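query_23.tsv (TSV, C-alpha atoms) appears below.
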```tsv
chain	number	residue	atom	x	y	z
B	1	MET	CA	11.95	-8.75	-15.98
B	2	SER	CA	9.34	-10.39	-13.76
B	3	LEU	CA	10.13	-11.31	-10.21
B	4	ARG	CA	10.16	-14.97	-9.31
B	5	ALA	CA	9.30	-16.51	-5.95
B	6	THR	CA	12.79	-18.01	-5.76
B	7	ASP	CA	14.56	-14.66	-6.24
B	8	HIS	CA	16.18	-12.84	-3.31
B	9	PRO	CA	16.00	-9.17	-4.21
B	10	ASP	CA	17.03	-6.47	-1.76
B	11	ASP	CA	14.56	-4.12	-0.10
B	12	SER	CA	15.22	-1.37	-2.63
B	13	GLU	CA	14.18	-3.50	-5.59
B	14	LEU	CA	11.10	-4.83	-3.80
B	15	VAL	CA	9.99	-1.31	-2.91
B	16	LEU	CA	10.41	-0.09	-6.50
B	17	ARG	CA	8.46	-3.05	-7.83
B	18	ALA	CA	5.72	-2.72	-5.21
B	19	ARG	CA	5.32	0.93	-6.23
B	20	LYS	CA	4.40	-0.33	-9.68
B	21	GLY	CA	1.78	-2.65	-8.19
B	22	GLU	CA	3.64	-5.96	-8.32
B	23	GLU	CA	1.88	-8.26	-5.86
B	24	LEU	CA	4.78	-10.69	-5.54
B	25	ALA	CA	7.10	-7.85	-4.52
B	26	LEU	CA	4.68	-6.74	-1.81
B	27	SER	CA	4.26	-10.34	-0.67
B	28	MET	CA	8.02	-10.69	-0.30
B	29	LEU	CA	8.23	-7.47	1.73
B	30	ILE	CA	5.47	-8.69	4.01
B	31	GLU	CA	7.12	-12.05	4.49
B	32	ARG	CA	10.42	-10.36	5.25
B	33	TYR	CA	9.06	-8.00	7.90
B	34	GLN	CA	5.83	-9.53	9.20
B	35	LYS	CA	7.37	-11.09	12.30
B	36	SER	CA	9.42	-8.07	13.25
B	37	ALA	CA	6.44	-5.80	12.70
B	38	TYR	CA	4.38	-8.04	14.94
B	39	ALA	CA	7.14	-8.16	17.57
B	40	LEU	CA	7.49	-4.38	17.59
B	41	ALA	CA	3.72	-3.89	17.74
B	42	LEU	CA	3.52	-6.42	20.58
B	43	SER	CA	6.19	-4.55	22.51
B	44	VAL	CA	4.07	-1.38	22.30
B	45	THR	CA	0.56	-2.78	22.69
B	46	GLY	CA	1.20	-5.77	24.93
B	47	ARG	CA	-1.67	-7.76	23.38
B	48	HIS	CA	-1.68	-10.23	20.52
B	49	GLU	CA	-4.90	-8.91	18.96
B	50	ASP	CA	-3.73	-5.32	19.01
B	51	ALA	CA	-0.28	-6.27	17.74
B	52	GLU	CA	-1.84	-8.21	14.86
B	53	ASP	CA	-4.13	-5.29	13.93
B	54	ALA	CA	-1.34	-2.74	14.17
B	55	ALA	CA	1.11	-4.84	12.16
B	56	GLN	CA	-1.32	-5.64	9.38
B	57	GLU	CA	-2.61	-2.07	9.14
B	58	SER	CA	0.97	-0.83	9.01
B	59	PHE	CA	1.62	-2.79	5.83
B	60	LEU	CA	-1.45	-1.25	4.20
B	61	VAL	CA	-0.41	2.23	5.30
B	62	ALA	CA	3.12	1.61	4.02
B	63	LEU	CA	1.74	0.60	0.62
B	64	ASP	CA	-0.41	3.74	0.43
B	65	GLN	CA	2.58	5.91	1.34
B	66	LEU	CA	5.22	3.92	-0.53
B	67	ASP	CA	6.03	6.83	-2.84
B	68	GLU	CA	7.04	8.83	0.22
B	69	CYS	CA	9.76	6.35	1.17
B	70	ARG	CA	12.60	8.54	-0.07
B	71	ASP	CA	15.33	5.96	0.40
B	72	PRO	CA	14.07	2.48	-0.54
B	73	GLU	CA	17.28	0.96	0.79
B	74	ARG	CA	16.22	2.06	4.26
B	75	PHE	CA	12.69	0.72	3.94
B	76	ALA	CA	12.98	-1.25	7.20
B	77	GLY	CA	13.60	1.78	9.39
B	78	TRP	CA	10.91	3.79	7.62
B	79	PHE	CA	8.45	0.94	7.98
B	80	MET	CA	9.22	0.32	11.65
B	81	THR	CA	8.39	3.96	12.35
B	82	ILE	CA	4.98	3.37	10.80
B	83	VAL	CA	4.48	0.26	12.92
B	84	ARG	CA	5.42	2.09	16.09
B	85	ASN	CA	3.11	5.01	15.34
B	86	ARG	CA	0.18	2.78	14.42
B	87	SER	CA	0.69	0.76	17.61
B	88	ARG	CA	0.74	3.85	19.78
B	89	ASN	CA	-2.35	5.24	18.05
B	90	LEU	CA	-4.15	1.99	18.61
B	91	ILE	CA	-3.53	1.81	22.35
B	92	ARG	CA	-4.52	5.46	22.68
B	93	ARG	CA	-7.89	4.65	21.16
B	94	GLU	CA	-8.60	1.77	23.48
B	95	SER	CA	-10.03	2.43	26.91
B	96	LEU	CA	-10.05	-1.13	28.19
B	97	ARG	CA	-7.30	-3.68	27.72
B	98	GLN	CA	-7.65	-7.37	28.39
B	99	THR	CA	-4.89	-9.91	28.38
B	100	SER	CA	-5.44	-13.21	26.60
B	101	ASP	CA	-3.59	-16.38	27.33
B	102	VAL	CA	-3.98	-17.85	23.86
B	103	PRO	CA	-3.78	-15.78	20.66
B	104	GLN	CA	-7.27	-15.48	19.15
B	105	GLY	CA	-7.83	-16.36	15.51
B	106	THR	CA	-5.24	-19.11	15.57
B	107	ARG	CA	-6.04	-22.72	15.06
B	108	SER	CA	-4.13	-24.11	17.95
B	109	ARG	CA	-3.67	-27.73	18.83
B	110	ILE	CA	-5.50	-28.53	22.03
B	111	PRO	CA	-2.79	-28.76	24.72
B	112	THR	CA	-3.03	-30.84	27.85
B	113	PRO	CA	-4.26	-29.08	31.00
B	114	ASP	CA	-0.78	-29.10	32.52
B	115	LYS	CA	0.66	-27.60	29.42
B	116	ILE	CA	-1.99	-24.87	29.39
B	117	ALA	CA	-1.17	-23.87	32.95
B	118	GLU	CA	2.57	-23.90	32.38
B	119	THR	CA	2.33	-21.98	29.11
B	120	SER	CA	0.00	-19.42	30.68
B	121	GLU	CA	2.26	-18.88	33.63
B	122	LEU	CA	5.32	-18.46	31.44
B	123	ARG	CA	3.57	-16.09	29.06
B	124	GLU	CA	2.07	-14.03	31.84
B	125	THR	CA	5.40	-13.72	33.60
B	126	LEU	CA	7.25	-12.75	30.45
B	127	GLN	CA	4.48	-10.43	29.34
B	128	GLN	CA	4.54	-8.65	32.68
B	129	ALA	CA	8.33	-8.43	32.66
B	130	ILE	CA	8.40	-7.07	29.10
B	131	ALA	CA	5.70	-4.53	29.90
B	132	GLU	CA	7.82	-3.19	32.74
B	133	LEU	CA	10.77	-2.51	30.43
B	134	PRO	CA	11.21	0.87	28.77
B	135	GLU	CA	9.70	0.83	25.29
B	136	ILE	CA	13.07	0.93	23.53
B	137	GLN	CA	14.31	-2.08	25.50
B	138	GLN	CA	11.12	-3.95	24.64
B	139	GLU	CA	11.70	-3.28	20.96
B	140	VAL	CA	15.37	-4.24	21.08
B	141	VAL	CA	14.95	-7.49	23.00
B	142	LEU	CA	12.02	-8.69	20.88
B	143	LEU	CA	13.71	-7.80	17.58
B	144	HIS	CA	16.98	-9.42	18.69
B	145	ASP	CA	15.90	-12.47	20.65
B	146	LEU	CA	12.53	-13.18	19.05
B	147	GLU	CA	13.20	-12.14	15.45
B	148	GLY	CA	16.92	-12.75	15.28
B	149	TRP	CA	18.01	-9.29	14.11
B	150	LYS	CA	21.64	-8.34	14.62
B	151	HIS	CA	22.77	-5.28	16.59
B	152	ARG	CA	23.71	-3.46	13.42
B	153	GLU	CA	20.34	-4.14	11.79
B	154	ILE	CA	18.46	-2.95	14.86
B	155	ALA	CA	20.63	0.15	15.13
B	156	GLU	CA	20.15	1.02	11.48
B	157	ARG	CA	16.45	0.35	11.37
B	158	LEU	CA	15.55	2.02	14.66
B	159	GLY	CA	17.94	4.89	14.05
B	160	ILE	CA	20.01	4.46	17.22
B	161	PRO	CA	23.72	3.79	17.75
B	162	SER	CA	24.88	0.18	17.81
B	163	GLY	CA	26.41	0.63	21.26
B	164	THR	CA	23.05	1.82	22.56
B	165	VAL	CA	21.41	-1.29	21.13
B	166	ARG	CA	23.84	-3.50	22.98
B	167	SER	CA	23.28	-1.64	26.20
B	168	HIS	CA	19.50	-1.85	25.93
B	169	LEU	CA	19.72	-5.54	25.08
B	170	HIS	CA	21.94	-6.24	28.03
B	171	PHE	CA	19.59	-4.62	30.55
B	172	ALA	CA	16.46	-6.06	28.95
B	173	ARG	CA	17.85	-9.58	29.05
B	174	LYS	CA	18.90	-9.15	32.62
B	175	ALA	CA	15.41	-8.06	33.66
B	176	LEU	CA	13.65	-10.85	31.75
B	177	LYS	CA	15.92	-13.59	33.03
B	178	GLN	CA	15.46	-12.31	36.55
B	179	ALA	CA	11.68	-12.55	36.05
B	180	LEU	CA	12.04	-16.08	34.75
B	181	ALA	CA	14.22	-17.00	37.69
B	182	GLU	CA	11.45	-15.95	40.07
B	183	ILE	CA	9.10	-18.54	38.65
B	184	PRO	CA	9.37	-21.75	40.61
B	185	ASP	CA	11.25	-24.16	38.35
B	186	GLY	CA	11.43	-21.44	35.73
B	187	SER	CA	14.09	-23.08	33.56
B	188	ASP	CA	12.37	-26.42	33.72
B	189	LEU	CA	9.14	-24.67	32.76
B	190	ILE	CA	10.64	-23.52	29.47
B	191	ARG	CA	11.74	-27.02	28.59
B	192	LYS	CA	8.40	-28.54	29.60
B	193	VAL	CA	6.20	-26.30	27.47
B	194	GLN	CA	8.06	-27.08	24.21
O	1	MET	CA	26.92	-17.47	29.83
O	2	THR	CA	24.36	-18.35	27.25
O	3	HIS	CA	25.74	-16.02	24.60
O	4	ASP	CA	29.08	-15.00	23.16
O	5	LEU	CA	30.20	-12.11	21.04
O	6	ASP	CA	30.29	-13.11	17.39
O	7	SER	CA	32.60	-11.80	14.71
O	8	ASN	CA	30.44	-8.68	14.28
O	9	ASP	CA	30.69	-7.90	17.98
O	10	ASP	CA	27.07	-8.98	18.39
O	11	PHE	CA	25.88	-10.63	21.58
O	12	GLY	CA	24.46	-13.50	19.61
O	13	PRO	CA	21.29	-15.33	20.56
O	14	ASP	CA	20.39	-16.04	24.16
O	15	LEU	CA	19.06	-19.53	23.71
O	16	GLU	CA	17.17	-19.71	26.98
O	17	LEU	CA	15.49	-16.37	26.46
O	18	ALA	CA	14.84	-17.08	22.78
O	19	GLU	CA	13.05	-20.29	23.71
O	20	ALA	CA	10.91	-18.43	26.25
O	21	LEU	CA	10.14	-15.59	23.87
O	22	ALA	CA	9.22	-18.03	21.10
O	23	HIS	CA	5.91	-18.53	22.93
O	24	PHE	CA	4.96	-15.04	21.82
O	25	ASP	CA	5.23	-16.12	18.20
O	26	PRO	CA	1.68	-17.06	17.10
O	27	GLU	CA	3.18	-19.66	14.80
O	28	HIS	CA	4.15	-21.55	17.96
O	29	GLN	CA	0.52	-22.61	18.30
O	30	ASP	CA	-0.64	-22.24	14.71
O	31	PRO	CA	1.81	-23.17	11.93
O	32	SER	CA	-0.37	-21.50	9.28
O	33	TYR	CA	-0.69	-18.21	11.15
O	34	TRP	CA	1.82	-16.19	9.16
O	35	TYR	CA	0.43	-17.41	5.84
O	36	ARG	CA	-3.03	-16.18	6.82
O	37	PHE	CA	-1.56	-12.97	8.20
O	38	ARG	CA	0.05	-12.27	4.81
O	39	GLN	CA	-3.03	-13.28	2.83
O	40	TRP	CA	-5.23	-10.85	4.77
O	41	ILE	CA	-2.91	-8.00	3.88
O	42	LEU	CA	-2.69	-8.96	0.19
O	43	GLU	CA	-6.48	-9.22	-0.09
O	44	ASN	CA	-6.94	-5.76	1.40
O	45	ALA	CA	-4.11	-4.33	-0.71
O	46	ALA	CA	-5.52	-5.65	-4.01
O	47	GLY	CA	-7.25	-2.39	-4.91
O	48	GLU	CA	-4.22	-0.22	-4.29
O	49	LEU	CA	-1.96	-2.61	-6.20
O	50	ALA	CA	-4.34	-2.57	-9.17
O	51	ARG	CA	-4.40	1.23	-9.12
O	52	ARG	CA	-0.62	1.36	-9.14
O	53	ARG	CA	-0.40	-1.10	-12.04
O	54	LEU	CA	-2.83	0.97	-14.06
O	55	ILE	CA	-0.89	4.17	-13.51
O	56	HIS	CA	2.40	2.50	-14.34
O	57	GLU	CA	1.08	0.96	-17.56
O	58	LEU	CA	-0.53	4.18	-18.84
O	59	THR	CA	1.46	5.80	-21.70
O	60	VAL	CA	1.01	8.96	-23.84
O	61	GLY	CA	-0.42	6.85	-26.62
O	62	ASP	CA	-2.99	5.49	-24.20
O	63	VAL	CA	-4.04	9.03	-23.31
O	64	MET	CA	-4.43	9.99	-27.00
O	65	THR	CA	-6.33	6.79	-27.68
O	66	SER	CA	-8.68	7.47	-24.79
O	67	TRP	CA	-9.36	10.95	-26.17
O	68	ALA	CA	-9.96	9.50	-29.64
O	69	ARG	CA	-12.51	7.14	-28.21
O	70	THR	CA	-14.59	10.13	-27.16
O	71	VAL	CA	-13.81	12.74	-29.84
O	72	VAL	CA	-14.18	10.58	-32.96
O	73	PRO	CA	-17.72	9.34	-32.26
O	74	VAL	CA	-18.86	12.82	-31.35
O	75	ALA	CA	-17.36	14.27	-34.55
O	76	LEU	CA	-18.95	11.51	-36.60
O	77	LEU	CA	-22.31	12.16	-35.06
O	78	ALA	CA	-22.01	15.88	-35.75
O	79	ALA	CA	-21.15	15.17	-39.40
O	80	ILE	CA	-24.15	12.89	-39.80
O	81	LEU	CA	-26.48	15.47	-38.30
O	82	ALA	CA	-25.09	18.20	-40.54
O	83	GLY	CA	-25.59	15.99	-43.58
O	84	LEU	CA	-29.16	15.24	-42.60
O	85	LEU	CA	-29.93	18.91	-42.17
O	86	LEU	CA	-28.45	19.75	-45.53
O	87	MET	CA	-30.38	17.05	-47.30
O	88	ARG	CA	-33.64	18.25	-45.77
O	89	ASP	CA	-33.16	21.72	-47.38
O	90	GLN	CA	-33.16	20.25	-50.91
O	91	SER	CA	-36.96	21.04	-51.26
O	92	VAL	CA	-36.32	24.80	-51.44
O	93	VAL	CA	-35.96	26.25	-54.99
O	94	PRO	CA	-32.39	26.91	-55.61
O	95	VAL	CA	-31.40	30.47	-56.16
O	96	ARG	CA	-30.51	31.21	-59.77
O	97	PRO	CA	-27.71	33.62	-60.15
O	98	VAL	CA	-28.68	36.77	-62.08
O	99	GLY	CA	-26.68	39.54	-63.72
O	100	ILE	CA	-26.80	43.25	-62.88
O	101	GLU	CA	-28.80	44.20	-66.03
O	102	GLU	CA	-31.46	41.65	-65.33
O	103	LEU	CA	-31.58	42.67	-61.70
O	104	LEU	CA	-32.16	46.32	-62.66
O	105	VAL	CA	-35.13	45.59	-64.94
O	106	SER	CA	-36.65	42.87	-62.85
O	107	GLY	CA	-40.25	43.71	-61.93
O	108	VAL	CA	-40.54	46.29	-64.67
O	109	GLU	CA	-43.64	45.34	-66.63
O	110	GLY	CA	-43.22	47.71	-69.47
O	111	GLN	CA	-41.67	46.75	-72.74
O	112	THR	CA	-38.19	47.57	-73.50
O	113	ILE	CA	-37.46	50.70	-75.39
O	114	PRO	CA	-36.84	49.16	-78.77
O	115	SER	CA	-39.94	46.89	-78.62
O	116	ALA	CA	-42.24	49.54	-77.10
O	117	LEU	CA	-41.73	51.96	-79.93
O	118	ALA	CA	-43.44	51.43	-83.24
O	119	PRO	CA	-41.11	50.98	-86.09
O	120	SER	CA	-42.22	54.46	-87.47
O	121	GLU	CA	-41.37	56.19	-84.23
O	122	THR	CA	-37.90	54.99	-83.82
O	123	SER	CA	-36.64	57.50	-86.27
O	124	ASP	CA	-38.00	60.45	-84.20
O	125	PRO	CA	-35.78	61.12	-81.20
O	126	VAL	CA	-38.38	63.25	-79.34
O	127	ALA	CA	-41.04	60.63	-79.58
O	128	PHE	CA	-38.59	58.17	-78.22
O	129	ALA	CA	-38.02	60.14	-75.08
O	130	SER	CA	-41.71	61.01	-74.37
O	131	GLU	CA	-43.00	57.54	-74.83
O	132	VAL	CA	-40.73	55.79	-72.48
O	133	PHE	CA	-39.87	58.18	-69.67
```
Structure rendered as structure tokens:
Amino acid sequence: MSLRATDHPDDSELVLRARKGEELALSMLIERYQKSAYALALSVTGRHEDAEDAAQESFLVALDQLDECRDPERFAGWFMTIVRNRSRNLIRRESLRQTSDVPQGTRSRIPTPDKIAETSELRETLQQAIAELPEIQQEVVLLHDLEGWKHREIAERLGIPSGTVRSHLHFARKALKQALAEIPDGSDLIRKVQ
Amino acid sequence: MTHDLDSNDDFGPDLELAEALAHFDPEHQDPSYWYRFRQWILENAAGELARRRLIHELTVGDVMTSWARTVVPVALLAAILAGLLLMRDQSVVPVRPVGIEELLVSGVEGQTIPSALAPSETSDPVAFASEVF
């Protein structure tokens, strides 16, 4: 039976269908994990461009190696391992890294000068604070607070105990909020840039 | 406290931090970003998807049919060539089957024993032997 865009199949069914070359199944998998792949890649690379490259390449690699995913029900954890490895390989290849204030390749609305400055300051502060976290805490806080994953999902997909996830999240949040608090009018800044 | 434990013992979202981290989502500045992100992947995955569809749709019958597509024309061609070669050999005089007796006397120019002897000599056995051998 063909898959429809309105269906909500589980990961296992999507993987089995994608193995047979069904484009809609692959599209659904991408839509389901694109943001978390990007968030994980961003936590490793620290740059939008690199995170985008790593995340997109990871989906292509996953498709090539889809037959090697022994347990389709655990596709997420298997796929996140690919994302992490691709991200690490990418930063190893680069000799120079530049930070960018605005993601390239996006058609952004032109913000006001004040908004640009406030957004840049917030992003730079958060980016610096995230970069100072241990890699596992970066992954946990971005997957939980940016992508909305639950503790149990993070634990299962990253292959770590749920209690460890909570601990990492607690310390990561503490560090990031401390960084935000050091920005003059940090809380107001968040409200202003929305 | 900006978060509480939910029924699954999860911290739940930290609204303040979530709002700050949302700036890292490219969609924050470009609503079509994730659509284009997905389309790029699907375009580059088209070849691999097509390969997988082909493998999945291939059956034993398809394999036999693919062989037949090659073997049958070749066999037909060979049959035509053989027929042409055979037809070309029709100009050669066909071999007439002969018996043993005819084969033994073939090339012998002399008359046969009964016709070589004169009627008067056939009654004399000695003459018969000397004349022929």
Set out as JSON lines a contact list for chain O and chain B with a cut-off of 6 Å, giving each residue of chain O that qualifies its closest atom pair and distance in Å to one decimal, counting all atoms listed in the file, ordered by chain and rising residue number.
```
{"residue": "O:Asp10", "atom": "CA", "partner": "B:His151", "partner_atom": "CA", "distance": 6.0}
{"residue": "O:Ala18", "atom": "CA", "partner": "B:Asp145", "partner_atom": "CA", "distance": 5.2}
{"residue": "O:Leu21", "atom": "CA", "partner": "B:Leu146", "partner_atom": "CA", "distance": 5.9}
{"residue": "O:Gln29", "atom": "CA", "partner": "B:Ser108", "partner_atom": "CA", "distance": 4.9}
{"residue": "O:Asp30", "atom": "CA", "partner": "B:Ser108", "partner_atom": "CA", "distance": 5.1}
{"residue": "O:Leu49", "atom": "CA", "partner": "B:Gly21", "partner_atom": "CA", "distance": 4.2}
{"residue": "O:Arg52", "atom": "CA", "partner": "B:Gly21", "partner_atom": "CA", "distance": 4.8}
{"residue": "O:Arg53", "atom": "CA", "partner": "B:Gly21", "partner_atom": "CA", "distance": 4.7}
{"residue": "O:His56", "atom": "CA", "partner": "B:Lys20", "partner_atom": "CA", "distance": 5.8}
```
Taking only C-alpha atoms into account, name the residue in O:Phe24, O:Val72, O:Arg51, O:Leu17 that is nearest to B:Ala41.
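Under the stated criterion, the closest residue is O:Phe24.
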Of the residues B:Leu40, B:Ala54, B:Leu133, B:Ala25, which is the one nearest to B:Met80, using only C-alpha atoms?
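Distance minimum relative to B:Met80 lands on B:Leu40.
With distances restricted to all atoms listed in the file, O:Glu48 is the closest residue to B:Leu66 from O:Ser66, O:Glu48, O:Leu85, O:Glu102.
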Tell me, in Å to one decimal, how far atom CA of B:Val83 is from atom CA of B:Ser167.
23.1 Å
Mind pulling up the distance from atom CA of O:Trp40 to atom CA of B:Thr6?
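Result for atom CA of B:Thr6 versus atom CA of O:Trp40: 22.1 Å, one decimal.
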Interatomic distance (Å, one decimal) between atom CA of B:Ser12 and atom CA of B:Asp71
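Separation of atom CA of B:Ser12 and atom CA of B:Asp71: 7.9 Å.
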Could you work out an axis-aligned box for stretch 150-164 of chain B, taking every atom the file lists and adding 8 Å on each side, and report centre and edge lengths in Å to one decimal, as AutoDock Vina command-line options?
```
--center_x 21.0 --center_y -1.7 --center_z 17.0 --size_x 26.9 --size_y 29.2 --size_z 27.2
```
Sphere at (8.2, -0.6, 26.4), radius 12 Å, counting all atoms listed in the file: residues as a PyMOL selection string
chain B and resi 39-46+84+87-88+127-142+168+172
Prev. selection, C-alpha atoms, output as a PDB file, in the coordinates of the input:
```pdb
ATOM      1  CA  ALA B  39       7.140  -8.160  17.570  1.00  0.00           C
ATOM      2  CA  LEU B  40       7.490  -4.380  17.590  1.00  0.00           C
ATOM      3  CA  ALA B  41       3.720  -3.890  17.740  1.00  0.00           C
ATOM      4  CA  LEU B  42       3.520  -6.420  20.580  1.00  0.00           C
ATOM      5  CA  SER B  43       6.190  -4.550  22.510  1.00  0.00           C
ATOM      6  CA  VAL B  44       4.070  -1.380  22.300  1.00  0.00           C
ATOM      7  CA  THR B  45       0.560  -2.780  22.690  1.00  0.00           C
ATOM      8  CA  GLY B  46       1.200  -5.770  24.930  1.00  0.00           C
ATOM      9  CA  ARG B  84       5.420   2.090  16.090  1.00  0.00           C
ATOM     10  CA  SER B  87       0.690   0.760  17.610  1.00  0.00           C
ATOM     11  CA  ARG B  88       0.740   3.850  19.780  1.00  0.00           C
ATOM     12  CA  GLN B 127       4.480 -10.430  29.340  1.00  0.00           C
ATOM     13  CA  GLN B 128       4.540  -8.650  32.680  1.00  0.00           C
ATOM     14  CA  ALA B 129       8.330  -8.430  32.660  1.00  0.00           C
ATOM     15  CA  ILE B 130       8.400  -7.070  29.100  1.00  0.00           C
ATOM     16  CA  ALA B 131       5.700  -4.530  29.900  1.00  0.00           C
ATOM     17  CA  GLU B 132       7.820  -3.190  32.740  1.00  0.00           C
ATOM     18  CA  LEU B 133      10.770  -2.510  30.430  1.00  0.00           C
ATOM     19  CA  PRO B 134      11.210   0.870  28.770  1.00  0.00           C
ATOM     20  CA  GLU B 135       9.700   0.830  25.290  1.00  0.00           C
ATOM     21  CA  ILE B 136      13.070   0.930  23.530  1.00  0.00           C
ATOM     22  CA  GLN B 137      14.310  -2.080  25.500  1.00  0.00           C
ATOM     23  CA  GLN B 138      11.120  -3.950  24.640  1.00  0.00           C
ATOM     24  CA  GLU B 139      11.700  -3.280  20.960  1.00  0.00           C
ATOM     25  CA  VAL B 140      15.370  -4.240  21.080  1.00  0.00           C
ATOM     26  CA  VAL B 141      14.950  -7.490  23.000  1.00  0.00           C
ATOM     27  CA  LEU B 142      12.020  -8.690  20.880  1.00  0.00           C
ATOM     28  CA  HIS B 168      19.500  -1.850  25.930  1.00  0.00           C
ATOM     29  CA  ALA B 172      16.460  -6.060  28.950  1.00  0.00           C
TER      30      ALA B 172
END
```
